[in-house]
Structure formats: structure tokens, C-alpha cells
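Novice: Okay, handing you the structure first.
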Amino acid sequence: MEPVNIIGAGLAGSEAAWQIARAGVPVILHEMRPKVATFAHKTGDCAEMVCSNSFRSDDDVMNAVGQLHWEMRAAGGLIMAMADRHKLPAGGALAVDREAFSQAVTATLRNEPLIGFRPAEVTELPDTGNWIIATGPLTSDRLAASIRAVTGTESLAFFDAIAPIVHADTIDMSIAWEQSRYDKGETEEERRAYINCPMTRDQYEAFIDALLAAEKAEFHEGEMAGYFDGCLPIEVMAERGRETLRHGPMKPIGLTNAHKPDEKAYAVVQLRRDNALGTLYNIVGFQTKMKHGAQTQVFRMIPGLENAGFARLGGIHRNSFLNSPTLLDDRMRLRSRPNLRFAGQVTGVEGYVESAAMGLLAGRMAAAQAKGNDLPPPAFTTGMGALVNHITGGADAKTFQPMNVNFGLFPPLEEMRGGRRGRKERYPAYTARAKEDFRSWLAVQ
Ligand SMILES: Cc1cc2nc3c(=O)[nH]c(=O)nc-3n(C[C@H](O)[C@H](O)[C@H](O)COP(=O)(O)OP(=O)(O)OC[C@H]3O[C@@H](n4cnc5c(N)ncnc54)[C@H](O)[C@@H]3O)c2cc1C
């Protein structure tokens, strides 16, 4: 049988290799480390965790990451099995002994007779064969150039610039209102495409003070190379002058407060729809290097967002990722070259768990293809299905930025109460539905 080739033995590539071999299909795993280094990896081991040693929450009832853990365990995932084996005490989180974890992943893959290793950098996208590209946020420069040559220069970004994303049902619409600047747009929907949060002068001044005082995260050593000035963090804009934001992303012009038409706002924070479901909104132009704790405090100062629930917080990182909504089909294949499938962080998911989950999915799909079958993704009511649906279709391609798994990606349950208060009933219902639908997906394979 023709082997599946995988480029990159990180979290995604390792899981994909395991799934393919378990399906009885041979695999060739191409990994450039330790011959070619990245600024973040320290070893030549598979599935190295480059920063924190946590797979985040292990709660598969109330947490979407925990639900992904459950799905990966149910599908016989290697990353979860080795994480469970090398678990450290960490409350409700799944933290691991990182060295023992990646050594165990490496040893298991090396002991698997159907997996062969090619210790070399792949520098060109291959023309033929069944391939998975799982080269991660630090895809080597030569391969990145080849990906750009095939997909177009705008299609592979080298930095993310993530603005915080808010659950729509936690925005206080008695303060905020829907309107596009100058009521621009052909349709009523377009003319009401943004949610606007007004600020008085005092509120704006207090907000700038908080931004300037907030604790910021540093760039990792080597991470800044190639960083450009076009996506400045909001706190850097505020440092350049107290009025900079009011003339930039927070400008109040062309907007009329629907609740107080006679009152002119001193500044306005705008939120834009982030997914087709309309459950998530991003705060426009608010990419930031503030630490997560500081972000929630500062952003809840915005009128209308006092009780905001954040689906994800902002960040700026060195991160190679594709514009997946335009490039990939729902089988994670490049539309223009269907022999190439992408997996992991390079597809525009974010995090160890999400990357491994996308590796699991890509691996199963590639194995099915090698056997002459077609495997559709799981229903988008599941964690994996919700993520793959977001990156290959649900997200807005124009503003696409990497995404963590979160309940805002799950189709709402109509009869359930929205807002932060409804979470206690809603989240268990989401995860119960996800488990049932994930089991059905496994059963048809
Ligand atoms: C500095 C930094 C800190 C991070 N911190 C965290 C964190 O704390 N928590 C978290 O959840 N996520 C974190 N991430 C994101 C993290 O990288 C991903 O969550 C996860 O590692 C992605 O898995 P992956 O398999 O897609 O990529 P990786 O795990 O990076 O694996 C990609 C593999 O491909 C190899 N490769 C690249 N190019 C080639 C090539 N041309 N030929 C052959 N091999 C190649 C690389 O050597 C690597 O082994 C961080 C990322 C960075 C850059």
C-alpha cells in the first residue's frame, strides 16, 4: 500500500502518524530537528511542548478543551495516552512532565513497525503522493516559500495578530448598538454589521491609564525577526500618544448611539462578527501583548462589555498559518492540490490540544484515502467538528486569525438560556451532544 508522508513530527504530525499506523497504513515521518533548529524547540524529540507544560482543562463537561481531550481519548489518541501516563498534579488541568512525555511519544512511534523516519527538512511541497503537512507555527523558511508559491503570498501569514473574541450573548445591548460606520452597506445586515460600545471622555482616559499600566507579555527570544509595524498592539498605540487610539480603532465618527442619539461618544470600541453562526465577535484592532489576567480586567472596563465572556483573549506571536477558509476543503486538503492535506497549528488552530486534534483528524482522513475510502469530518456539534468547520468554512476569510476551541464555535441549542448565567445548563448540554455525535462518527469507520 502506498504510504502516507507526514512533514513535521510535532503534536499534530505525531498524532497523525499514530492514527494512520493504527489503521494499518504505512507512514513516512519527515522531521528536520535536530539537524535544523527552530528558535523555540530544544530537542530532537517528537511532540515537543515548546512553552507551557499544560494541555489545559481536563473537564469534559464544562470545558471545550476538556471535550477535545475526551474525543481524542475515545479515538485512541497517542498524545492523550502519553499525557495521561506522564501527568503531574495540577488541579483540574492536565499538566505533564514534558521531557518524559515527548520521549514516550518518540519511543512509541519508533517502535511502531509501520512508521519510518526521515530525519531531514522538506523544502518543497511535493507534487504527487498522499501527504500531510504539519510543520507548525515555525514552518521552515524554505518550505514556507514553497507553500506561498503554490497558495499565493497573502495566504500564509508569519505572525498572528489576535484581537480578543467575545461571546455575542454576553454583550450588554442596552448599552451597545449595531451599526456600521456611516451606515455603509448594501443590505440592512451590512449596515448593522458592527456592535458599538460608546465611551465618555472620563471612561476613555481611565481606559488609556489601565492599558498603560497593564502587565505585558514579552516576545520570546528570536521571535521578533521579521515582525512588521502594521499590526501594533493597542497598548503600544496608547504609548505613542493618549489620543492615538481615538484617531485609530476607537474613532467615534460616523456612528450614532441608538440609545442616546443626542449624546456624542468621545470614543467607540467596535466589535465585528467573527463566525457565520454569529455567536462570536472580535474587538476590532485590539491585538495586544497584555497578559491574559490584565486583558479581562481592562476589556471589561468597556461600556457594554462589563460582563463579557471571552472565547479567546488577544495575542501576537510568530506563527505561520494558512488562510484555511479560502484554501482548504472540509477534508483539510488544499483545494488546488488535493494530494496535500494540512494539519495542526499551520491550519489556523491554536494550541497543543487543538493541533493534536487536527492531526488526529487529518491522520484518519489520510488513512481512509490510502484505502480508497472517504472519511467526512465529525458533526460540527463535536469539538473536532466545530474546529474544522470554523477553519475551513465558518470563519471570515478576510479577518481569519488562529482559533482555540471554545463553545462559541458550537451550534447553539435553541431552547437554552444565553449569556454567562446560562452556562451551567448550556455547557453540559453541548458536551453531552458532542459525545453522542462523536461516538456516531467513530462507529461508522
Ligand atoms: C514560542 C511559542 C510558544 C508557544 N507556547 C504554547 C503554549 O504554551 N501552549 C500551547 O498550547 N501552545 C503553544 N504554542 C503553540 C504551539 O506551537 C502549538 O500549540 C503546537 O506545538 C503546534 O503543534 P504542531 O504539530 O502544529 O507544530 P509543532 O509542534 O511546532 O510541530 C511542527 C514540526 O514540524 C517540524 N518542521 C517544520 N518545518 C519543517 C520542514 N520543512 N521539514 C521537516 N520538518 C519541519 C518542526 O521541527 C516541528 O517538529 C507556542 C508556539 C510558539 C512558537
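FYI, nothing fancy with the C-alpha cells labels: chains A, B, ... in order, residues from 1 per chain, ligands from 1 as they appear.
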What's the 9 Å shell around Asp374 of chain A, counting only C-alpha atoms, without same-chain residues fewer than 3 positions away, as an MDAnalysis selection string?
Specialist: chainID A and resid 331 365:366 368:369 371
Novice: List all protein, DNA and RNA residues that have an atom no more than 7 Å from any atom of ligand 1, counting only C-alpha atoms and all ligand atoms, and report them as a VMD selection string.
Specialist: chain A and resid 7 to 13 30 to 33 37 to 38 40 46 to 55 120 to 123 134 to 140 142 to 143 220 317 to 319 343 to 346 350 to 353 355 to 356
Novice: Go ahead and dump the residues you just picked, N, CA and C atoms, as a compact mmCIF listing (two decimals), in the first residue's frame.
Specialist:
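After the write, part29.txt holds the following:
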```
# COMPACT_ATOMS: atom_id res chain seq x y z
N ILE A 7 4.97 15.63 7.01
CA ILE A 7 6.08 16.56 7.27
C ILE A 7 5.84 17.20 8.64
N GLY A 8 6.79 16.95 9.56
CA GLY A 8 6.69 17.54 10.90
C GLY A 8 6.21 16.53 11.93
N ALA A 9 7.09 16.21 12.90
CA ALA A 9 6.71 15.27 13.98
C ALA A 9 6.44 16.05 15.26
N GLY A 10 5.62 17.09 15.15
CA GLY A 10 5.21 17.85 16.33
C GLY A 10 3.97 17.21 16.94
N LEU A 11 3.16 18.02 17.63
CA LEU A 11 1.95 17.48 18.26
C LEU A 11 1.00 16.90 17.21
N ALA A 12 0.82 17.61 16.10
CA ALA A 12 -0.13 17.16 15.07
C ALA A 12 0.43 15.99 14.27
N GLY A 13 1.69 16.12 13.80
CA GLY A 13 2.28 15.09 12.95
C GLY A 13 2.43 13.77 13.69
N HIS A 30 8.69 12.82 8.18
CA HIS A 30 9.84 13.67 7.85
C HIS A 30 9.97 14.74 8.93
N GLU A 31 11.07 14.76 9.65
CA GLU A 31 11.26 15.77 10.71
C GLU A 31 12.66 16.35 10.59
N MET A 32 12.73 17.68 10.60
CA MET A 32 14.03 18.35 10.38
C MET A 32 14.88 18.46 11.63
N ARG A 33 14.21 18.46 12.82
CA ARG A 33 15.00 18.59 14.05
C ARG A 33 15.69 17.27 14.35
N ALA A 37 17.26 23.64 13.36
CA ALA A 37 16.63 24.05 14.63
C ALA A 37 15.53 25.08 14.38
N THR A 38 14.67 25.30 15.39
CA THR A 38 13.78 26.46 15.40
C THR A 38 14.17 27.28 16.64
N ALA A 40 12.36 27.95 19.10
CA ALA A 40 11.62 27.54 20.30
C ALA A 40 11.89 26.10 20.73
N CYS A 46 9.95 13.97 19.25
CA CYS A 46 8.63 14.22 18.66
C CYS A 46 7.74 14.92 19.70
N ALA A 47 6.76 15.65 19.22
CA ALA A 47 5.74 16.28 20.07
C ALA A 47 6.35 17.07 21.23
N GLU A 48 7.37 17.85 20.91
CA GLU A 48 7.96 18.68 21.98
C GLU A 48 7.00 19.82 22.32
N MET A 49 6.81 20.05 23.61
CA MET A 49 5.97 21.17 24.07
C MET A 49 6.91 22.37 24.25
N VAL A 50 6.74 23.38 23.41
CA VAL A 50 7.76 24.44 23.34
C VAL A 50 7.67 25.46 24.47
N CYS A 51 6.53 25.52 25.15
CA CYS A 51 6.43 26.56 26.18
C CYS A 51 5.80 25.99 27.44
N SER A 52 4.52 26.16 27.66
CA SER A 52 3.95 25.66 28.91
C SER A 52 3.90 24.12 28.84
N ASN A 53 3.74 23.48 30.01
CA ASN A 53 3.66 22.01 30.02
C ASN A 53 2.21 21.57 30.27
N SER A 54 1.26 22.41 29.86
CA SER A 54 -0.15 22.12 30.18
C SER A 54 -0.99 21.89 28.92
N PHE A 55 -1.83 20.86 29.01
CA PHE A 55 -2.86 20.64 27.99
C PHE A 55 -4.19 21.27 28.42
N ALA A 120 15.06 14.82 7.95
CA ALA A 120 15.51 15.88 7.03
C ALA A 120 14.44 16.94 6.86
N GLU A 121 14.90 18.14 6.50
CA GLU A 121 13.96 19.22 6.18
C GLU A 121 13.38 18.97 4.79
N VAL A 122 12.08 19.10 4.66
CA VAL A 122 11.46 19.06 3.33
C VAL A 122 11.37 20.52 2.87
N THR A 123 11.89 20.80 1.70
CA THR A 123 11.99 22.21 1.28
C THR A 123 10.99 22.60 0.21
N ALA A 134 2.37 19.17 8.49
CA ALA A 134 2.08 19.51 9.90
C ALA A 134 3.31 20.20 10.48
N THR A 135 3.74 21.26 9.81
CA THR A 135 5.02 21.89 10.14
C THR A 135 4.90 23.01 11.18
N GLY A 136 3.69 23.31 11.60
CA GLY A 136 3.51 24.14 12.78
C GLY A 136 3.78 25.62 12.59
N PRO A 137 3.77 26.33 13.74
CA PRO A 137 3.91 27.80 13.71
C PRO A 137 5.30 28.25 13.25
N LEU A 138 6.28 27.33 13.29
CA LEU A 138 7.64 27.70 12.90
C LEU A 138 8.07 26.88 11.68
N THR A 139 7.16 26.73 10.74
CA THR A 139 7.47 26.08 9.46
C THR A 139 8.76 26.66 8.90
N SER A 140 9.65 25.79 8.40
CA SER A 140 10.96 26.30 7.95
C SER A 140 10.79 27.27 6.78
N ARG A 142 12.27 27.71 3.93
CA ARG A 142 12.24 27.23 2.55
C ARG A 142 10.90 26.58 2.21
N LEU A 143 10.38 25.80 3.14
CA LEU A 143 9.08 25.18 2.87
C LEU A 143 7.98 26.25 2.84
N HIS A 220 9.28 36.09 22.81
CA HIS A 220 10.36 35.13 23.09
C HIS A 220 11.60 35.57 22.31
N HIS A 317 2.00 36.62 18.05
CA HIS A 317 3.07 35.62 18.12
C HIS A 317 3.66 35.38 16.74
N ARG A 318 4.88 34.89 16.73
CA ARG A 318 5.43 34.34 15.50
C ARG A 318 4.61 33.09 15.21
N ASN A 319 4.00 33.03 14.05
CA ASN A 319 3.06 31.94 13.79
C ASN A 319 2.79 31.84 12.29
N ALA A 343 -2.40 19.97 8.63
CA ALA A 343 -2.86 19.63 9.99
C ALA A 343 -2.09 20.45 11.01
N GLY A 344 -2.71 20.66 12.16
CA GLY A 344 -2.02 21.33 13.27
C GLY A 344 -2.11 22.83 13.17
N GLN A 345 -1.19 23.47 13.86
CA GLN A 345 -1.27 24.92 14.02
C GLN A 345 -1.20 25.67 12.69
N VAL A 346 -0.54 25.08 11.70
CA VAL A 346 -0.41 25.75 10.40
C VAL A 346 -1.78 25.91 9.71
N GLU A 350 -5.08 26.95 17.25
CA GLU A 350 -4.05 27.47 18.16
C GLU A 350 -4.00 26.58 19.40
N GLY A 351 -2.80 26.11 19.74
CA GLY A 351 -2.64 25.36 20.98
C GLY A 351 -2.26 23.90 20.75
N TYR A 352 -1.62 23.33 21.78
CA TYR A 352 -1.19 21.93 21.70
C TYR A 352 -2.37 21.00 21.42
N VAL A 353 -3.45 21.20 22.20
CA VAL A 353 -4.57 20.26 22.14
C VAL A 353 -5.27 20.35 20.78
N SER A 355 -4.04 21.44 18.02
CA SER A 355 -3.15 20.97 16.95
C SER A 355 -3.14 19.45 16.90
N ALA A 356 -3.03 18.83 18.07
CA ALA A 356 -3.04 17.36 18.10
C ALA A 356 -4.37 16.82 17.57
```
Novice: Which residues are close to Ile283 of chain A, i.e. within 10 Å by only C-alpha atoms, leaving aside same-chain residues fewer than 6 positions away? Reply as a VMD selection string.
Specialist: chain A and resid 162 to 166 194 to 196 249 269 to 274 299 314
Novice: Restricting the output to C-alpha atoms, write the selected residues as a PDB file, in the first residue's frame.
Specialist:
```
ATOM      1  CA  ILE A 162      -5.238  38.147  17.569  1.00  0.00           C
ATOM      2  CA  ALA A 163      -7.868  40.515  18.853  1.00  0.00           C
ATOM      3  CA  PRO A 164      -9.942  39.259  21.800  1.00  0.00           C
ATOM      4  CA  ILE A 165     -13.108  37.402  20.868  1.00  0.00           C
ATOM      5  CA  VAL A 166     -16.297  37.864  22.870  1.00  0.00           C
ATOM      6  CA  TYR A 194     -20.722  46.067  13.891  1.00  0.00           C
ATOM      7  CA  ILE A 195     -21.552  46.225  17.576  1.00  0.00           C
ATOM      8  CA  ASN A 196     -20.515  49.589  19.042  1.00  0.00           C
ATOM      9  CA  PRO A 249      -9.523  51.823  16.066  1.00  0.00           C
ATOM     10  CA  VAL A 269     -14.979  50.391  20.573  1.00  0.00           C
ATOM     11  CA  GLN A 270     -16.232  48.317  17.665  1.00  0.00           C
ATOM     12  CA  LEU A 271     -16.818  44.576  17.537  1.00  0.00           C
ATOM     13  CA  ARG A 272     -17.172  42.640  14.310  1.00  0.00           C
ATOM     14  CA  ARG A 273     -18.810  39.286  13.701  1.00  0.00           C
ATOM     15  CA  ASP A 274     -16.222  36.512  13.733  1.00  0.00           C
ATOM     16  CA  PHE A 299     -11.599  44.980  28.433  1.00  0.00           C
ATOM     17  CA  GLY A 314      -5.688  38.579  22.291  1.00  0.00           C
TER      18      GLY A 314
END
```
Novice: At what distance in Å, to one decimal, does atom CA of Val61 of chain A lie from atom CA of Pro428 of chain A?
Specialist: 5.1 Å
Novice: Would you mind listing what lies within 9 Å of Arg420 of chain A as a PyMOL selection string, with only C-alpha atoms counted and same-chain residues fewer than 2 positions away left out?
Specialist: chain A and resi 167+169-170+307-309+418+422-424
Novice: Write out as a ChimeraX atom specification the residues lying within 12 Å of His259 of chain A, counting only C-alpha atoms and excluding same-chain residues fewer than 6 positions away.
Specialist: /A:173-178,196-198,265
Novice: Would you mind exporting N, CA and C atoms of the selected residues as a PDB file, in the first residue's frame?
Specialist:
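And here is the file that came out, out-v1.pdb:
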```pdb
ATOM      1  N   MET A 173     -26.559  44.761  25.277  1.00  0.00           N
ATOM      2  CA  MET A 173     -27.091  45.531  24.156  1.00  0.00           C
ATOM      3  C   MET A 173     -28.001  46.681  24.614  1.00  0.00           C
ATOM      4  N   SER A 174     -28.140  46.840  25.952  1.00  0.00           N
ATOM      5  CA  SER A 174     -28.857  48.044  26.400  1.00  0.00           C
ATOM      6  C   SER A 174     -27.882  49.224  26.414  1.00  0.00           C
ATOM      7  N   ILE A 175     -26.569  48.926  26.266  1.00  0.00           N
ATOM      8  CA  ILE A 175     -25.555  49.987  26.182  1.00  0.00           C
ATOM      9  C   ILE A 175     -24.980  50.046  24.762  1.00  0.00           C
ATOM     10  N   ALA A 176     -24.686  48.877  24.201  1.00  0.00           N
ATOM     11  CA  ALA A 176     -24.097  48.816  22.856  1.00  0.00           C
ATOM     12  C   ALA A 176     -25.204  48.827  21.806  1.00  0.00           C
ATOM     13  N   TRP A 177     -24.829  49.108  20.563  1.00  0.00           N
ATOM     14  CA  TRP A 177     -25.821  49.066  19.477  1.00  0.00           C
ATOM     15  C   TRP A 177     -25.151  48.606  18.190  1.00  0.00           C
ATOM     16  N   GLU A 178     -26.003  48.148  17.261  1.00  0.00           N
ATOM     17  CA  GLU A 178     -25.497  47.634  15.988  1.00  0.00           C
ATOM     18  C   GLU A 178     -25.518  48.740  14.936  1.00  0.00           C
ATOM     19  N   ASN A 196     -21.270  48.421  18.599  1.00  0.00           N
ATOM     20  CA  ASN A 196     -20.515  49.589  19.042  1.00  0.00           C
ATOM     21  C   ASN A 196     -20.682  49.824  20.532  1.00  0.00           C
ATOM     22  N   CYS A 197     -19.560  50.091  21.198  1.00  0.00           N
ATOM     23  CA  CYS A 197     -19.588  50.367  22.637  1.00  0.00           C
ATOM     24  C   CYS A 197     -19.063  51.788  22.849  1.00  0.00           C
ATOM     25  N   PRO A 198     -19.911  52.692  23.389  1.00  0.00           N
ATOM     26  CA  PRO A 198     -19.530  54.107  23.484  1.00  0.00           C
ATOM     27  C   PRO A 198     -18.750  54.409  24.761  1.00  0.00           C
ATOM     28  N   ALA A 265     -20.459  60.213  21.443  1.00  0.00           N
ATOM     29  CA  ALA A 265     -19.458  59.441  22.198  1.00  0.00           C
ATOM     30  C   ALA A 265     -18.078  60.051  21.977  1.00  0.00           C
TER      31      ALA A 265
END
```
